[in-house]
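**Student:** So I've got this file, input_38.cif, and it contains mmCIF, C-alpha atoms and all ligand atoms:
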data_structure
#
loop_
_atom_site.label_atom_id
_atom_site.label_comp_id
_atom_site.auth_asym_id
_atom_site.auth_seq_id
_atom_site.Cartn_x
_atom_site.Cartn_y
_atom_site.Cartn_z
CA MET P 1 -84.45 -4.46 -96.77
CA ARG P 2 -84.27 -8.26 -96.57
CA ARG P 3 -83.72 -10.21 -99.78
CA LEU P 4 -84.91 -13.79 -100.09
CA ASN P 5 -85.20 -16.23 -102.95
CA ASP P 6 -87.61 -18.95 -104.09
CA TRP P 7 -91.17 -17.73 -103.80
CA TYR P 8 -92.47 -21.28 -103.35
CA ARG P 9 -90.86 -21.28 -99.92
CA HIS P 10 -93.34 -18.54 -99.02
CA PRO P 11 -96.73 -19.98 -99.97
CA ARG P 12 -98.74 -17.33 -98.09
CA TYR P 13 -97.50 -14.67 -100.48
CA TYR P 14 -98.08 -16.86 -103.53
CA GLU P 15 -101.66 -17.38 -102.36
CA ALA P 16 -102.17 -13.69 -101.60
CA ILE P 17 -101.48 -12.98 -105.26
CA PHE P 18 -103.16 -15.92 -107.02
CA GLY P 19 -105.70 -17.18 -104.48
CA GLY P 20 -108.31 -14.66 -105.62
CA ASP P 21 -108.88 -16.46 -108.94
CA SER P 22 -109.52 -19.89 -107.43
CA GLU P 23 -113.34 -19.90 -107.31
CA ARG P 24 -113.65 -18.64 -110.88
CA GLU P 25 -111.15 -21.27 -112.09
CA LEU P 26 -112.94 -24.00 -110.15
CA GLU P 27 -116.24 -22.98 -111.74
CA PHE P 28 -114.62 -23.28 -115.16
CA LEU P 29 -113.18 -26.71 -114.29
CA GLU P 30 -116.64 -27.90 -113.20
CA GLN P 31 -118.01 -26.79 -116.58
CA ILE P 32 -115.20 -28.56 -118.47
CA ASN P 33 -115.81 -31.71 -116.46
CA GLY P 34 -119.53 -31.63 -117.20
CA TRP P 35 -119.29 -30.71 -120.87
CA PHE P 36 -116.24 -32.66 -122.08
CA GLY P 37 -115.67 -35.24 -119.36
CA THR P 38 -117.58 -37.68 -117.21
CA GLY P 39 -118.88 -35.11 -114.71
CA GLY P 40 -117.48 -37.33 -111.95
CA GLY P 41 -115.91 -36.14 -108.72
CA THR P 42 -112.46 -37.78 -108.63
CA TRP P 43 -109.91 -35.17 -109.65
CA LEU P 44 -106.14 -34.88 -110.08
CA GLU P 45 -103.94 -31.81 -109.80
CA PRO P 46 -100.29 -32.40 -110.67
CA ALA P 47 -98.08 -29.67 -109.10
CA CYS P 48 -100.90 -28.60 -106.79
CA GLY P 49 -98.77 -26.01 -105.00
CA ALA P 50 -100.26 -24.48 -101.85
CA GLY P 51 -103.60 -26.13 -102.56
CA ARG P 52 -105.85 -23.21 -103.49
CA LEU P 53 -107.71 -25.26 -106.15
CA VAL P 54 -107.53 -28.51 -104.20
CA GLU P 55 -109.26 -26.84 -101.27
CA ALA P 56 -111.93 -25.27 -103.48
CA ALA P 57 -112.62 -28.68 -105.07
CA VAL P 58 -112.75 -30.45 -101.69
CA ARG P 59 -115.24 -27.86 -100.44
CA ARG P 60 -117.44 -28.80 -103.39
CA GLY P 61 -117.31 -32.43 -102.36
CA HIS P 62 -114.66 -33.77 -104.74
CA THR P 63 -111.94 -36.30 -104.03
CA VAL P 64 -108.64 -34.83 -105.18
CA ILE P 65 -105.21 -36.39 -105.53
CA GLY P 66 -102.22 -34.18 -106.10
CA CYS P 67 -98.46 -33.89 -105.91
CA ASP P 68 -95.84 -31.17 -105.68
CA VAL P 69 -92.07 -31.01 -105.26
CA SER P 70 -92.12 -28.22 -102.71
CA GLU P 71 -92.46 -29.31 -99.09
CA GLU P 72 -93.38 -25.76 -98.06
CA MET P 73 -96.20 -25.54 -100.59
CA LEU P 74 -97.49 -28.97 -99.57
CA ALA P 75 -97.36 -28.10 -95.87
CA HIS P 76 -99.49 -25.02 -96.56
CA ALA P 77 -101.92 -27.15 -98.60
CA ARG P 78 -102.22 -29.79 -95.88
CA ALA P 79 -102.82 -27.18 -93.18
CA ARG P 80 -105.65 -25.51 -95.10
CA LEU P 81 -107.22 -28.89 -95.89
CA ASN P 82 -107.32 -29.89 -92.25
CA GLY P 83 -111.05 -29.88 -91.46
CA ALA P 84 -112.06 -28.87 -94.97
CA GLY P 85 -114.78 -30.97 -96.55
CA PRO P 86 -117.06 -32.58 -97.55
CA GLY P 87 -114.57 -34.00 -100.07
CA VAL P 88 -111.11 -35.40 -99.33
CA ALA P 89 -107.59 -34.88 -100.69
CA TYR P 90 -104.50 -37.08 -100.87
CA LEU P 91 -101.30 -35.15 -101.53
CA ALA P 92 -97.81 -36.53 -102.08
CA ARG P 93 -94.37 -35.01 -102.40
CA GLN P 94 -93.55 -36.22 -105.88
CA ARG P 95 -92.60 -34.90 -109.27
CA MET P 96 -95.34 -34.53 -111.83
CA GLU P 97 -93.19 -36.38 -114.40
CA HIS P 98 -93.69 -39.60 -112.44
CA PHE P 99 -96.81 -39.15 -110.32
CA CYS P 100 -98.98 -42.14 -111.16
CA PRO P 101 -100.05 -43.98 -107.98
CA ALA P 102 -101.16 -47.53 -108.79
CA ALA P 103 -104.25 -47.30 -106.58
CA TRP P 104 -105.64 -44.41 -108.65
CA ARG P 105 -105.01 -45.69 -112.18
CA GLY P 106 -108.07 -45.49 -114.40
CA ARG P 107 -110.05 -43.62 -111.73
CA ILE P 108 -109.59 -39.90 -112.45
CA ASP P 109 -112.49 -37.99 -114.04
CA LEU P 110 -110.77 -34.64 -114.43
CA ALA P 111 -107.08 -33.75 -114.32
CA PHE P 112 -106.01 -30.11 -114.40
CA CYS P 113 -102.79 -28.15 -114.36
CA LEU P 114 -103.13 -24.41 -114.94
CA VAL P 115 -101.07 -21.19 -114.85
CA SER P 116 -98.20 -22.48 -117.04
CA THR P 117 -96.90 -24.91 -114.42
CA PHE P 118 -96.44 -27.45 -117.22
CA ARG P 119 -93.61 -25.25 -118.52
CA TYR P 120 -91.47 -26.19 -115.52
CA LEU P 121 -90.97 -29.57 -117.18
CA PRO P 122 -87.58 -28.98 -118.74
CA SER P 123 -87.59 -31.34 -121.75
CA ASP P 124 -89.82 -33.16 -124.21
CA ALA P 125 -88.98 -36.39 -122.40
CA ALA P 126 -90.19 -34.97 -119.06
CA ALA P 127 -93.34 -33.56 -120.65
CA LEU P 128 -94.08 -36.85 -122.36
CA SER P 129 -93.52 -38.81 -119.18
CA HIS P 130 -95.94 -36.47 -117.39
CA LEU P 131 -98.66 -36.77 -120.04
CA ARG P 132 -98.36 -40.54 -120.10
CA ALA P 133 -98.70 -40.68 -116.32
CA VAL P 134 -101.86 -38.52 -116.46
CA ARG P 135 -103.24 -40.67 -119.27
CA ARG P 136 -102.84 -43.79 -117.14
CA LEU P 137 -104.68 -42.16 -114.26
CA LEU P 138 -107.70 -41.00 -116.31
CA ARG P 139 -110.80 -43.14 -116.41
CA PRO P 140 -112.50 -43.76 -119.78
CA GLY P 141 -114.17 -40.48 -120.73
CA GLY P 142 -111.94 -38.44 -118.41
CA VAL P 143 -110.15 -35.31 -119.66
CA TYR P 144 -107.08 -33.22 -118.85
CA ALA P 145 -107.38 -29.41 -118.73
CA LEU P 146 -103.82 -28.19 -119.33
CA GLY P 147 -103.24 -24.42 -119.23
CA PHE P 148 -100.01 -22.78 -120.32
CA HIS P 149 -98.67 -19.96 -122.48
CA LEU P 150 -97.55 -20.97 -125.93
CA THR P 151 -94.38 -19.34 -127.25
CA ASP P 152 -94.03 -16.91 -130.10
CA TYR P 153 -90.40 -17.46 -131.17
CA ALA P 154 -90.43 -14.14 -133.04
CA ARG P 155 -90.92 -12.22 -129.79
CA ARG P 156 -88.01 -9.88 -129.03
CA ARG P 157 -89.55 -7.89 -126.19
CA ILE P 158 -89.47 -8.77 -122.51
CA GLU P 159 -92.98 -9.73 -121.40
CA ARG P 160 -94.08 -8.17 -118.12
CA GLU P 161 -96.96 -8.96 -115.80
CA ARG P 162 -97.87 -7.25 -112.53
CA TRP P 163 -100.29 -8.22 -109.76
CA VAL P 164 -101.00 -6.65 -106.39
CA GLY P 165 -102.25 -8.52 -103.31
CA GLN P 166 -102.83 -7.90 -99.63
CA LEU P 167 -102.04 -10.19 -96.70
CA GLY P 168 -103.28 -8.62 -93.46
CA PRO P 169 -101.32 -5.38 -93.11
CA GLU P 170 -98.79 -6.40 -95.78
CA ARG P 171 -99.00 -5.22 -99.38
CA ILE P 172 -97.49 -7.51 -101.98
CA VAL P 173 -96.54 -6.43 -105.47
CA CYS P 174 -95.66 -9.25 -107.82
CA ASN P 175 -93.71 -8.45 -111.00
CA THR P 176 -92.89 -11.20 -113.48
CA ARG P 177 -90.64 -10.89 -116.52
CA GLU P 178 -90.14 -13.40 -119.28
CA TRP P 179 -87.19 -12.74 -121.57
CA PRO P 180 -87.37 -13.56 -125.31
CA PRO P 181 -87.29 -17.30 -125.98
CA ASP P 182 -84.15 -19.17 -126.95
CA ARG P 183 -85.42 -21.20 -129.88
CA ARG P 184 -82.42 -23.54 -129.96
CA LEU P 185 -82.44 -24.39 -126.27
CA ARG P 186 -86.25 -24.36 -126.17
CA ARG P 187 -86.39 -22.23 -123.04
CA ALA P 188 -86.97 -18.69 -121.76
CA ARG P 189 -85.53 -17.02 -118.71
CA VAL P 190 -88.16 -15.92 -116.17
CA ARG P 191 -87.85 -13.74 -113.08
CA ASN P 192 -90.44 -13.22 -110.40
CA ARG P 193 -90.07 -10.44 -107.85
CA LEU P 194 -92.37 -10.16 -104.85
CA SER P 195 -92.02 -6.82 -103.05
CA ILE P 196 -93.61 -6.98 -99.62
CA SER P 197 -94.12 -3.93 -97.44
CA GLY P 198 -95.80 -3.71 -94.06
CA PRO P 199 -95.49 -2.45 -90.51
CA HIS P 200 -92.38 -4.56 -89.88
CA GLY P 201 -90.41 -3.28 -92.85
CA SER P 202 -90.04 -4.44 -96.38
CA ARG P 203 -88.48 -7.35 -98.19
CA VAL P 204 -88.03 -8.74 -101.65
CA ILE P 205 -88.33 -12.35 -102.75
CA GLU P 206 -86.72 -12.79 -106.13
CA THR P 207 -86.83 -16.08 -108.01
CA GLU P 208 -85.30 -16.95 -111.38
CA TRP P 209 -85.82 -20.03 -113.48
CA HIS P 210 -86.17 -21.18 -117.08
CA PHE P 211 -89.47 -22.15 -118.59
CA ARG P 212 -89.69 -24.65 -121.45
CA THR P 213 -90.99 -23.08 -124.66
CA TRP P 214 -93.77 -24.60 -126.76
CA SER P 215 -95.00 -23.34 -130.12
CA GLU P 216 -98.41 -24.54 -131.32
CA ASP P 217 -96.80 -27.17 -133.53
CA GLN P 218 -94.46 -28.39 -130.81
CA ALA P 219 -97.38 -28.74 -128.38
CA LEU P 220 -99.57 -30.53 -130.92
CA ARG P 221 -96.80 -33.00 -131.75
CA LEU P 222 -96.28 -33.71 -128.07
CA PHE P 223 -99.99 -34.35 -127.47
CA ASP P 224 -100.03 -36.67 -130.44
CA ARG P 225 -97.01 -38.62 -129.17
CA ALA P 226 -98.69 -38.97 -125.78
CA ARG P 227 -101.85 -40.20 -127.57
CA PHE P 228 -104.03 -37.33 -126.50
CA GLU P 229 -106.43 -35.57 -128.81
CA LEU P 230 -107.21 -31.91 -128.47
CA ARG P 231 -110.93 -31.46 -127.88
CA ALA P 232 -111.09 -27.67 -127.40
CA VAL P 233 -109.00 -24.60 -126.56
CA TYR P 234 -109.86 -21.73 -124.19
CA GLY P 235 -108.14 -18.63 -122.88
CA PHE P 236 -106.95 -18.41 -119.26
CA ASP P 237 -110.11 -16.40 -118.49
CA GLY P 238 -112.06 -19.61 -119.15
CA ASP P 239 -115.48 -19.02 -120.68
CA LEU P 240 -117.02 -22.30 -121.80
CA ALA P 241 -119.24 -20.52 -124.31
CA GLN P 242 -116.23 -18.91 -126.00
CA PRO P 243 -113.66 -21.46 -127.14
CA LEU P 244 -110.64 -20.12 -129.05
CA GLY P 245 -109.74 -21.35 -132.50
CA TRP P 246 -106.41 -23.22 -132.46
CA ASP P 247 -105.07 -20.47 -134.75
CA SER P 248 -106.15 -17.72 -132.34
CA PRO P 249 -103.44 -15.06 -131.75
CA ARG P 250 -103.90 -15.53 -128.01
CA LEU P 251 -101.05 -17.49 -126.46
CA ASP P 252 -102.62 -18.14 -123.06
CA ARG P 253 -104.35 -21.47 -123.64
CA VAL P 254 -106.27 -23.98 -121.63
CA MET P 255 -106.19 -27.11 -123.76
CA ILE P 256 -108.79 -29.81 -123.19
CA LEU P 257 -107.10 -33.13 -123.86
CA ALA P 258 -108.78 -36.51 -124.09
CA PRO P 259 -106.97 -39.85 -124.45
CA ARG P 260 -107.11 -40.98 -128.07
CA ILE P 261 -108.93 -44.26 -128.28
CA ALA P 262 -107.91 -45.40 -131.75
CA PRO P 263 -104.20 -46.39 -132.10
C1 LIG U 1 -97.28 -21.70 -110.36
S1 LIG U 1 -97.33 -22.86 -109.02
C2 LIG U 1 -98.91 -23.57 -109.32
C3 LIG U 1 -99.52 -24.18 -108.10
C4 LIG U 1 -100.99 -24.61 -108.29
N1 LIG U 1 -101.12 -25.57 -109.35
C5 LIG U 1 -101.87 -23.41 -108.52
O1 LIG U 1 -102.53 -23.34 -109.56
O2 LIG U 1 -101.90 -22.55 -107.64
C6 LIG U 1 -96.21 -24.07 -109.60
C7 LIG U 1 -95.99 -25.26 -108.65
O3 LIG U 1 -95.32 -26.28 -109.40
C8 LIG U 1 -94.45 -26.97 -108.53
N2 LIG U 1 -93.53 -27.71 -109.39
C9 LIG U 1 -92.58 -27.24 -110.24
N3 LIG U 1 -92.00 -28.24 -110.91
C10 LIG U 1 -92.59 -29.40 -110.48
C11 LIG U 1 -92.44 -30.79 -110.83
N4 LIG U 1 -91.55 -31.19 -111.73
N5 LIG U 1 -93.23 -31.69 -110.20
C12 LIG U 1 -94.12 -31.30 -109.25
N6 LIG U 1 -94.29 -30.00 -108.88
C13 LIG U 1 -93.55 -29.06 -109.51
C14 LIG U 1 -93.86 -25.87 -107.66
O4 LIG U 1 -93.33 -26.38 -106.46
C15 LIG U 1 -95.11 -24.99 -107.45
O5 LIG U 1 -95.80 -25.36 -106.28
#
Please re-express this file's structure in structure tokens.
**Tutor:**
Amino acid sequence: MRRLNDWYRHPRYYEAIFGGDSERELEFLEQINGWFGTGGGTWLEPACGAGRLVEAAVRRGHTVIGCDVSEEMLAHARARLNGAGPGVAYLARQRMEHFCPAAWRGRIDLAFCLVSTFRYLPSDAAALSHLRAVRRLLRPGGVYALGFHLTDYARRRIERERWVGQLGPERIVCNTREWPPDRRLRRARVRNRLSISGPHGSRVIETEWHFRTWSEDQALRLFDRARFELRAVYGFDGDLAQPLGWDSPRLDRVMILAPRIAP
């Protein structure tokens, strides 16, 4: 069995697991844009990865700008966007902490960053820098849909999630573990294991990293410092008619943030 690391160097497998949710998520983003935002068609996805949501938005006619640090993920995104339309996409290899192209400032109707990607930002300073960059890019009335798991610092168990996907003749089983949070360091160890089996044998891609931890209060303070107000909260399953209360026990949150206008 071959062992590899860094699942973002293998975007086809990432997409085989998560690509199936893209249309549903895009539908939810359209609803957010119409209900809370301007309804306009210029969108931003920081850390756009292999482009599953960028492509879905472009197929609906939107203009999308995005960035990612992974060249492999971006190459996959660019290849799938070749010939896609009627919208257009502009993708750059940049970090989400700093992505704020001058030509797009004040022009974005909807920004979105889902599936806990925000937790890759390793510090409050990085998170703040990111939120300020998004704020500069939003047009008046634009909103940011930011989806990530909040942290329960009392958790002592390892959290496990499992997905299964298929890529041609290959079966992919994706197991993710998140260890209990370290409250002092504000981080939690995470491991992702993709087990791939097919006619040419089997292999494992195992990736480890640390995710930043955010309690409700820590997240609210950050939004306030970045001069965003929280307009609504949803679960990852995104049903516009069913917002969550901020004090909901659910930790998977899509937070709808709007730039605060008053000082
Ligand atoms: C879970 S994937 C999400 C990809 C995409 N947003 C989606 O929903 O499918 C996380 C992505 O974040 C990227 N990433 C991690 N840290 C980043 C950073 N500081 N700036 C930009 N991209 C980053 C990774 O390369 C990876 O493509």
**Student:** In Å to one decimal, how far is atom CA of P:Gly87 from atom CA of P:Arg24?
**Tutor:**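 For atom CA of P:Arg24 relative to atom CA of P:Gly87, the distance reads 18.8 Å.
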**Student:** From the options P:Tyr153, P:Trp214, P:Phe118, P:Tyr13, which residue's atoms come nearest to ligand LIG 1 (chain U), counting only C-alpha atoms and all ligand atoms?
**Tutor:**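 Looking at the shortest contact to ligand LIG 1 (chain U), the residue is P:Phe118.
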**Student:** Counting all atoms listed in the file, what is within 8 Å of P:Arg193, bar same-chain residues fewer than 3 positions away, as a list in words?
**Tutor:**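 The residues that qualify are Val173, Cys174, Asn175, Thr176, Val204, Ile205, Glu206 and Thr207 of chain P.
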**Student:** Keeping only C-alpha atoms, write the selected residues to a file as a JSON list (two decimals), keeping the file's coordinate frame.
**Tutor:**
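Once written, out09.json looks like this:
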[["chain", "number", "residue", "atom", "x", "y", "z"],
["P", 173, "VAL", "CA", -96.54, -6.43, -105.47],
["P", 174, "CYS", "CA", -95.66, -9.25, -107.82],
["P", 175, "ASN", "CA", -93.71, -8.45, -111.00],
["P", 176, "THR", "CA", -92.89, -11.20, -113.48],
["P", 204, "VAL", "CA", -88.03, -8.74, -101.65],
["P", 205, "ILE", "CA", -88.33, -12.35, -102.75],
["P", 206, "GLU", "CA", -86.72, -12.79, -106.13],
["P", 207, "THR", "CA", -86.83, -16.08, -108.01]]
**Student:** Could you list, as a PDB file with C-alpha atoms, in the frame of the given file, all protein and nucleic acid residues with an atom at most 9 Å from ligand LIG 1 (chain U), counting only C-alpha atoms and all ligand atoms?
**Tutor:**
ATOM      1  CA  TYR P   8     -92.470 -21.280-103.350  1.00  0.00           C
ATOM      2  CA  ARG P   9     -90.860 -21.280 -99.920  1.00  0.00           C
ATOM      3  CA  PRO P  11     -96.730 -19.980 -99.970  1.00  0.00           C
ATOM      4  CA  TYR P  14     -98.080 -16.860-103.530  1.00  0.00           C
ATOM      5  CA  GLU P  15    -101.660 -17.380-102.360  1.00  0.00           C
ATOM      6  CA  PHE P  18    -103.160 -15.920-107.020  1.00  0.00           C
ATOM      7  CA  GLY P  19    -105.700 -17.180-104.480  1.00  0.00           C
ATOM      8  CA  SER P  22    -109.520 -19.890-107.430  1.00  0.00           C
ATOM      9  CA  GLU P  45    -103.940 -31.810-109.800  1.00  0.00           C
ATOM     10  CA  PRO P  46    -100.290 -32.400-110.670  1.00  0.00           C
ATOM     11  CA  ALA P  47     -98.080 -29.670-109.100  1.00  0.00           C
ATOM     12  CA  CYS P  48    -100.900 -28.600-106.790  1.00  0.00           C
ATOM     13  CA  GLY P  49     -98.770 -26.010-105.000  1.00  0.00           C
ATOM     14  CA  ALA P  50    -100.260 -24.480-101.850  1.00  0.00           C
ATOM     15  CA  GLY P  51    -103.600 -26.130-102.560  1.00  0.00           C
ATOM     16  CA  ARG P  52    -105.850 -23.210-103.490  1.00  0.00           C
ATOM     17  CA  LEU P  53    -107.710 -25.260-106.150  1.00  0.00           C
ATOM     18  CA  VAL P  54    -107.530 -28.510-104.200  1.00  0.00           C
ATOM     19  CA  CYS P  67     -98.460 -33.890-105.910  1.00  0.00           C
ATOM     20  CA  ASP P  68     -95.840 -31.170-105.680  1.00  0.00           C
ATOM     21  CA  VAL P  69     -92.070 -31.010-105.260  1.00  0.00           C
ATOM     22  CA  SER P  70     -92.120 -28.220-102.710  1.00  0.00           C
ATOM     23  CA  GLU P  71     -92.460 -29.310 -99.090  1.00  0.00           C
ATOM     24  CA  GLU P  72     -93.380 -25.760 -98.060  1.00  0.00           C
ATOM     25  CA  MET P  73     -96.200 -25.540-100.590  1.00  0.00           C
ATOM     26  CA  LEU P  74     -97.490 -28.970 -99.570  1.00  0.00           C
ATOM     27  CA  ARG P  93     -94.370 -35.010-102.400  1.00  0.00           C
ATOM     28  CA  GLN P  94     -93.550 -36.220-105.880  1.00  0.00           C
ATOM     29  CA  ARG P  95     -92.600 -34.900-109.270  1.00  0.00           C
ATOM     30  CA  MET P  96     -95.340 -34.530-111.830  1.00  0.00           C
ATOM     31  CA  GLU P  97     -93.190 -36.380-114.400  1.00  0.00           C
ATOM     32  CA  HIS P  98     -93.690 -39.600-112.440  1.00  0.00           C
ATOM     33  CA  PHE P  99     -96.810 -39.150-110.320  1.00  0.00           C
ATOM     34  CA  PHE P 112    -106.010 -30.110-114.400  1.00  0.00           C
ATOM     35  CA  CYS P 113    -102.790 -28.150-114.360  1.00  0.00           C
ATOM     36  CA  LEU P 114    -103.130 -24.410-114.940  1.00  0.00           C
ATOM     37  CA  VAL P 115    -101.070 -21.190-114.850  1.00  0.00           C
ATOM     38  CA  SER P 116     -98.200 -22.480-117.040  1.00  0.00           C
ATOM     39  CA  THR P 117     -96.900 -24.910-114.420  1.00  0.00           C
ATOM     40  CA  PHE P 118     -96.440 -27.450-117.220  1.00  0.00           C
ATOM     41  CA  ARG P 119     -93.610 -25.250-118.520  1.00  0.00           C
ATOM     42  CA  TYR P 120     -91.470 -26.190-115.520  1.00  0.00           C
ATOM     43  CA  LEU P 121     -90.970 -29.570-117.180  1.00  0.00           C
ATOM     44  CA  PRO P 122     -87.580 -28.980-118.740  1.00  0.00           C
ATOM     45  CA  ALA P 126     -90.190 -34.970-119.060  1.00  0.00           C
ATOM     46  CA  HIS P 130     -95.940 -36.470-117.390  1.00  0.00           C
TER      47      HIS P 130
END
**Student:** For a quick check of understanding, using all atoms listed in the file, which of P:Glu23, P:Asp224, P:Asp182, P:Asp109 has the smallest distance to P:Phe36?
**Tutor:**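 Under the stated criterion, the closest residue is P:Asp109.
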**Student:** Which is closest to P:Arg156 among P:Leu131, P:Leu110, P:Ala188, P:Ala125, if we use all atoms listed in the file?
**Tutor:**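 Residue with the minimum atom-to-atom distance to P:Arg156: P:Ala188.
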**Student:** Hey, which of P:Ala226, P:Val233, P:Val254, P:Ala241 ends up closest to P:Asp124? Count only C-alpha atoms.
**Tutor:**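 That would be P:Ala226, the residue with the smallest distance to P:Asp124.
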**Student:** What does the distance from atom CA of P:Leu150 to atom CA of P:Ala133 come to in Å, to one decimal?
**Tutor:** 22.0 Å
**Student:** Would you pick out the contacts of P:Glu178 at 8 Å or less, using all atoms listed in the file, so that residues sharing its chain but fewer than 5 positions from it are not included, and give the list as a ChimeraX atom specification?
**Tutor:** /P:158-160,188-191
**Student:** Rank nothing, just name the residue among P:Tyr90, P:Phe28, P:Trp7, P:Phe211 nearest to P:Trp43, using all atoms listed in the file.
**Tutor:**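 Looking at the shortest contact to P:Trp43, the residue is P:Tyr90.
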**Student:** Kindly give the distance, in Å, that separates atom CA of P:Arg187 and atom CA of P:Met255, rounded to a single decimal.
**Tutor:**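 Computed distance, atom CA of P:Arg187 to atom CA of P:Met255, equals 20.4 Å.
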**Student:** Calculated over all atoms listed in the file, which of the candidates P:His149, P:Arg253, P:Arg107, P:Arg157 has the smallest distance to P:Val134?
**Tutor:**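 Ranked by minimum distance to P:Val134, first place goes to P:Arg107.
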**Student:** Please check which residues have atoms at most 9 Å from (-111.7, -41.5, -119.7) in the file's coordinates, counting all atoms listed in the file, and write them as a list in words.
**Tutor:**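 Every residue inside that radius is included here: Gly37, Thr38, Gly106, Arg107, Ile108, Asp109, Leu110, Arg135, Leu137, Leu138, Arg139, Pro140, Gly141, Gly142, Val143, Ala258 and Pro259 of chain P.
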**Student:** Contacts of P:Gly83 at 12 Å or less, counting only C-alpha atoms, minus same-chain residues fewer than 6 places along, as a list in words?
**Tutor:**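 Skipping anything fewer than 6 positions along the chain leaves Glu55, Val58, Arg59, Ala77 and Ala89 of chain P.
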**Student:** What would the file look like if the residues just selected were written as a compact mmCIF listing (two decimals), in the frame of the given file with C-alpha atoms?
**Tutor:**
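Full text of result31.txt as output:
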# COMPACT_ATOMS: atom_id res chain seq x y z
CA GLU P 55 -109.26 -26.84 -101.27
CA VAL P 58 -112.75 -30.45 -101.69
CA ARG P 59 -115.24 -27.86 -100.44
CA ALA P 77 -101.92 -27.15 -98.60
CA ALA P 89 -107.59 -34.88 -100.69
